[in-house]
Amino acid sequence: MTLRLFGCVCGQFHGSAEGMGMAGTGPVSVPVPFYVLEHPDGVALFDCGLPAGMVDYDDSYRQALRATDIDASLTPEETATRHLERLDIDPARVRQVVVSHLHFDHVGGLREFPNAEVVIQRREWEAGFDRETAGHYGLRKRFFDLGHAVRLVDGEHDLFGDGSAVCLPSYGHTPGHQSLRVRSAQGDHILVADACYNCRVAETRSFPDYSDAEAMNRSLDALLALREAATVMVYGHDPDQWGERPVLPAARS
Ligand SMILES: [Zn+2]
């Protein structure tokens, strides 16, 4: 069995494009994807979506978000655990959760995988525990400081040791953001995460206010330069990639 890659949508954000730092204007709904890597050596995730507690409209953090004019929605069928169950993967079998960065829509599901090792860039993890940096970038410990085993990596990291999944540092959105290149039965994908929200941002280079625009431009240029003829870029929150014809399957065919 070679590596298999699945893409799952774990909720949506709703708000103005400008308010969420997306390209374009007006109200938009954007997906919150995460990824399942089924490798002969074990199951890993790349990110893990929104916190399952957000299924509840009155969840305290969801309320706090609404106060900033962004709502998040999450149905019981969209939680990370439910997606894995549909794939017939026991969540307890998830050995590693590779984290692109510490925003709650990427680490929110960590609570559902207490036995997994978190794989993260050292500088992102350290940023999460630096009061000033964490405040600036909105890295909230309640979503990630949960007692997991943590593997801190510096730069590129070959997840399974066979080149099938390689962490690529793509700093700028947050101090230690990383992307993941996956060569699987589904082809060659660069899971860009929030180094670029959607394909239009790859052109407009409109980034969120808090991010380091210079570093983001450098990181995005580097990621785009890695493309080969058949490489598919999977962006962080791109509605066009998760509509009727999702860029990656969420189920076994
Ligand atoms: Zn995000």
# chains A, B, ... in the order shown; residues from 1 in each chain; ligands from 1
>>> closest_atom_pairs(of="chain A", to="ligand 1", cutoff="7 Å", atoms="only C-alpha atoms and all ligand atoms", output="tab-separated table")
residue	atom	partner	partner_atom_place_in_ligand_line	distance
A:Val32	CA	ligand 1	1 (Zn)	6.8
A:His103	CA	ligand 1	1 (Zn)	6.5
A:Asp105	CA	ligand 1	1 (Zn)	5.4
A:His106	CA	ligand 1	1 (Zn)	6.1
A:Asp194	CA	ligand 1	1 (Zn)	5.5
A:Gly236	CA	ligand 1	1 (Zn)	6.2
A:His237	CA	ligand 1	1 (Zn)	6.7
>>> select_by_dssp(residues="segment 18-214 of chain A", states="alpha helix (DSSP H)", output="PyMOL selection string")
chain A and resi 60-66+80-86+104-107+122-128+131-137+199-204+213-214
>>> closest_residue(among="A:Phe160, A:Trp125, A:Phe6, A:Tyr57", to="Arg252 of chain A", atoms="only C-alpha atoms")
A:Phe6
>>> atom_distance(atom1="atom CA of Pro114 of chain A", atom2="atom CA of Cys196 of chain A")
28.8 Å
>>> residues_around(residues="Lys141 of chain A", least_positions_apart="2", cutoff="10 Å", atoms="only C-alpha atoms", output="ChimeraX atom specification")
/A:102-104,128-129,134,138-139,143-146
>>> write_last_selection(atoms="C-alpha atoms", output="PDB file, in the first residue's frame")
ATOM      1  CA  LEU A 102      -1.205  27.419  15.784  1.00  0.00           C
ATOM      2  CA  HIS A 103      -4.388  29.188  14.686  1.00  0.00           C
ATOM      3  CA  PHE A 104      -7.480  27.564  16.163  1.00  0.00           C
ATOM      4  CA  GLY A 128       2.848  30.190  20.865  1.00  0.00           C
ATOM      5  CA  PHE A 129       4.409  30.498  24.309  1.00  0.00           C
ATOM      6  CA  ALA A 134       1.191  34.962  20.565  1.00  0.00           C
ATOM      7  CA  GLY A 138      -3.674  35.318  17.810  1.00  0.00           C
ATOM      8  CA  LEU A 139      -2.147  32.001  18.932  1.00  0.00           C
ATOM      9  CA  PHE A 143      -6.303  25.171  21.661  1.00  0.00           C
ATOM     10  CA  PHE A 144      -2.790  23.693  21.595  1.00  0.00           C
ATOM     11  CA  ASP A 145      -1.246  23.549  25.077  1.00  0.00           C
ATOM     12  CA  LEU A 146      -2.924  20.248  25.886  1.00  0.00           C
TER      13      LEU A 146
END
>>> closest_residue(among="A:Val9, A:Leu45, A:Leu50, A:Val107", to="Pro91 of chain A", atoms="only C-alpha atoms")
A:Leu45
>>> residues_around(residues="Arg200 of chain A", least_positions_apart="4", cutoff="12 Å", atoms="only C-alpha atoms", output="PDB file with N, CA and C atoms, in the first residue's frame")
ATOM      1  N   GLY A  21      -9.163  38.794   5.388  1.00  0.00           N
ATOM      2  CA  GLY A  21      -7.879  38.856   4.693  1.00  0.00           C
ATOM      3  C   GLY A  21      -7.846  38.015   3.426  1.00  0.00           C
ATOM      4  N   MET A  22      -9.045  37.799   2.819  1.00  0.00           N
ATOM      5  CA  MET A  22      -9.105  37.043   1.568  1.00  0.00           C
ATOM      6  C   MET A  22      -9.040  38.040   0.400  1.00  0.00           C
ATOM      7  N   ALA A  23      -8.690  37.547  -0.771  1.00  0.00           N
ATOM      8  CA  ALA A  23      -8.790  38.398  -1.957  1.00  0.00           C
ATOM      9  C   ALA A  23     -10.270  38.643  -2.227  1.00  0.00           C
ATOM     10  N   GLY A  24     -10.637  39.815  -2.757  1.00  0.00           N
ATOM     11  CA  GLY A  24     -12.027  40.089  -3.113  1.00  0.00           C
ATOM     12  C   GLY A  24     -12.742  40.912  -2.058  1.00  0.00           C
ATOM     13  N   CYS A 196      -1.027  30.696   1.791  1.00  0.00           N
ATOM     14  CA  CYS A 196      -1.807  31.337   0.728  1.00  0.00           C
ATOM     15  C   CYS A 196      -3.244  30.847   0.870  1.00  0.00           C
ATOM     16  N   THR A 204      -2.791  38.206  -6.171  1.00  0.00           N
ATOM     17  CA  THR A 204      -2.939  39.544  -5.563  1.00  0.00           C
ATOM     18  C   THR A 204      -1.945  39.795  -4.440  1.00  0.00           C
ATOM     19  N   ARG A 205      -1.504  38.723  -3.808  1.00  0.00           N
ATOM     20  CA  ARG A 205      -0.597  38.822  -2.650  1.00  0.00           C
ATOM     21  C   ARG A 205      -1.202  39.726  -1.563  1.00  0.00           C
ATOM     22  N   SER A 206      -2.521  39.635  -1.391  1.00  0.00           N
ATOM     23  CA  SER A 206      -3.150  40.349  -0.279  1.00  0.00           C
ATOM     24  C   SER A 206      -3.162  39.409   0.927  1.00  0.00           C
ATOM     25  N   PHE A 207      -2.419  39.797   1.959  1.00  0.00           N
ATOM     26  CA  PHE A 207      -2.242  38.943   3.119  1.00  0.00           C
ATOM     27  C   PHE A 207      -2.908  39.576   4.345  1.00  0.00           C
ATOM     28  N   TYR A 235      -4.738  25.172  -1.524  1.00  0.00           N
ATOM     29  CA  TYR A 235      -4.634  26.401  -0.728  1.00  0.00           C
ATOM     30  C   TYR A 235      -5.389  26.290   0.591  1.00  0.00           C
ATOM     31  N   GLY A 236      -5.133  27.257   1.465  1.00  0.00           N
ATOM     32  CA  GLY A 236      -5.600  27.154   2.847  1.00  0.00           C
ATOM     33  C   GLY A 236      -7.103  27.159   3.036  1.00  0.00           C
ATOM     34  N   HIS A 237      -7.782  28.066   2.340  1.00  0.00           N
ATOM     35  CA  HIS A 237      -9.233  28.208   2.537  1.00  0.00           C
ATOM     36  C   HIS A 237      -9.876  28.598   1.205  1.00  0.00           C
ATOM     37  N   ASP A 238      -9.758  27.751   0.223  1.00  0.00           N
ATOM     38  CA  ASP A 238     -10.195  28.121  -1.127  1.00  0.00           C
ATOM     39  C   ASP A 238     -11.534  27.458  -1.469  1.00  0.00           C
ATOM     40  N   PRO A 239     -12.629  28.233  -1.506  1.00  0.00           N
ATOM     41  CA  PRO A 239     -13.939  27.635  -1.783  1.00  0.00           C
ATOM     42  C   PRO A 239     -13.968  26.885  -3.115  1.00  0.00           C
ATOM     43  N   ASP A 240     -13.197  27.366  -4.101  1.00  0.00           N
ATOM     44  CA  ASP A 240     -13.224  26.719  -5.420  1.00  0.00           C
ATOM     45  C   ASP A 240     -12.649  25.303  -5.384  1.00  0.00           C
ATOM     46  N   GLN A 241     -11.827  25.011  -4.381  1.00  0.00           N
ATOM     47  CA  GLN A 241     -11.208  23.681  -4.327  1.00  0.00           C
ATOM     48  C   GLN A 241     -12.032  22.666  -3.536  1.00  0.00           C
TER      49      GLN A 241
END
>>> atom_distance(atom1="atom CA of Val55 of chain A", atom2="atom CA of Thr75 of chain A")
5.5 Å
>>> select_by_dssp(residues="segment 17-204 of chain A", states="strand (DSSP E)", output="VMD selection string")
chain A and resid 27 to 39 42 to 46 71 to 73 94 to 98 117 to 121 149 to 153 157 to 158 165 to 169 178 to 184 187 to 193
>>> residues_around(residues="Gly15 of chain A", least_positions_apart="6", cutoff="8 Å", atoms="only C-alpha atoms", output="MDAnalysis selection string")
chainID A and resid 27:29 69:71
>>> write_last_selection(atoms="N, CA and C atoms", output="tab-separated table (two decimals), in the first residue's frame")
chain	number	residue	atom	x	y	z
A	27	PRO	N	-19.45	39.49	1.32
A	27	PRO	CA	-19.56	38.32	2.19
A	27	PRO	C	-19.12	37.04	1.49
A	28	VAL	N	-18.38	36.24	2.20
A	28	VAL	CA	-17.92	34.95	1.64
A	28	VAL	C	-18.01	33.87	2.72
A	29	SER	N	-18.14	32.64	2.26
A	29	SER	CA	-17.99	31.48	3.13
A	29	SER	C	-16.80	30.70	2.64
A	69	ASP	N	-17.39	39.89	13.84
A	69	ASP	CA	-18.07	39.82	12.54
A	69	ASP	C	-17.64	38.64	11.68
A	70	ILE	N	-17.06	37.62	12.31
A	70	ILE	CA	-16.79	36.37	11.59
A	70	ILE	C	-17.56	35.29	12.32
A	71	ASP	N	-18.30	34.48	11.60
A	71	ASP	CA	-18.89	33.33	12.26
A	71	ASP	C	-18.20	32.07	11.74
>>> residues_around(residues="Ser170 of chain A", least_positions_apart="2", cutoff="12 Å", atoms="only C-alpha atoms", output="MDAnalysis selection string")
chainID A and resid 100:101 120:121 123:124 154:156 167:168 172:181 190:196 212:224
>>> atom_distance(atom1="atom CA of Ala80 of chain A", atom2="atom CA of Val94 of chain A")
11.3 Å
>>> closest_residue(among="A:Tyr137, A:Asp158, A:Val119, A:Glu132", to="Val182 of chain A", atoms="only C-alpha atoms")
A:Asp158
>>> closest_residue(among="A:Asp209, A:Glu244, A:Asp58, A:Glu85", to="Gly19 of chain A", atoms="only C-alpha atoms")
A:Asp209
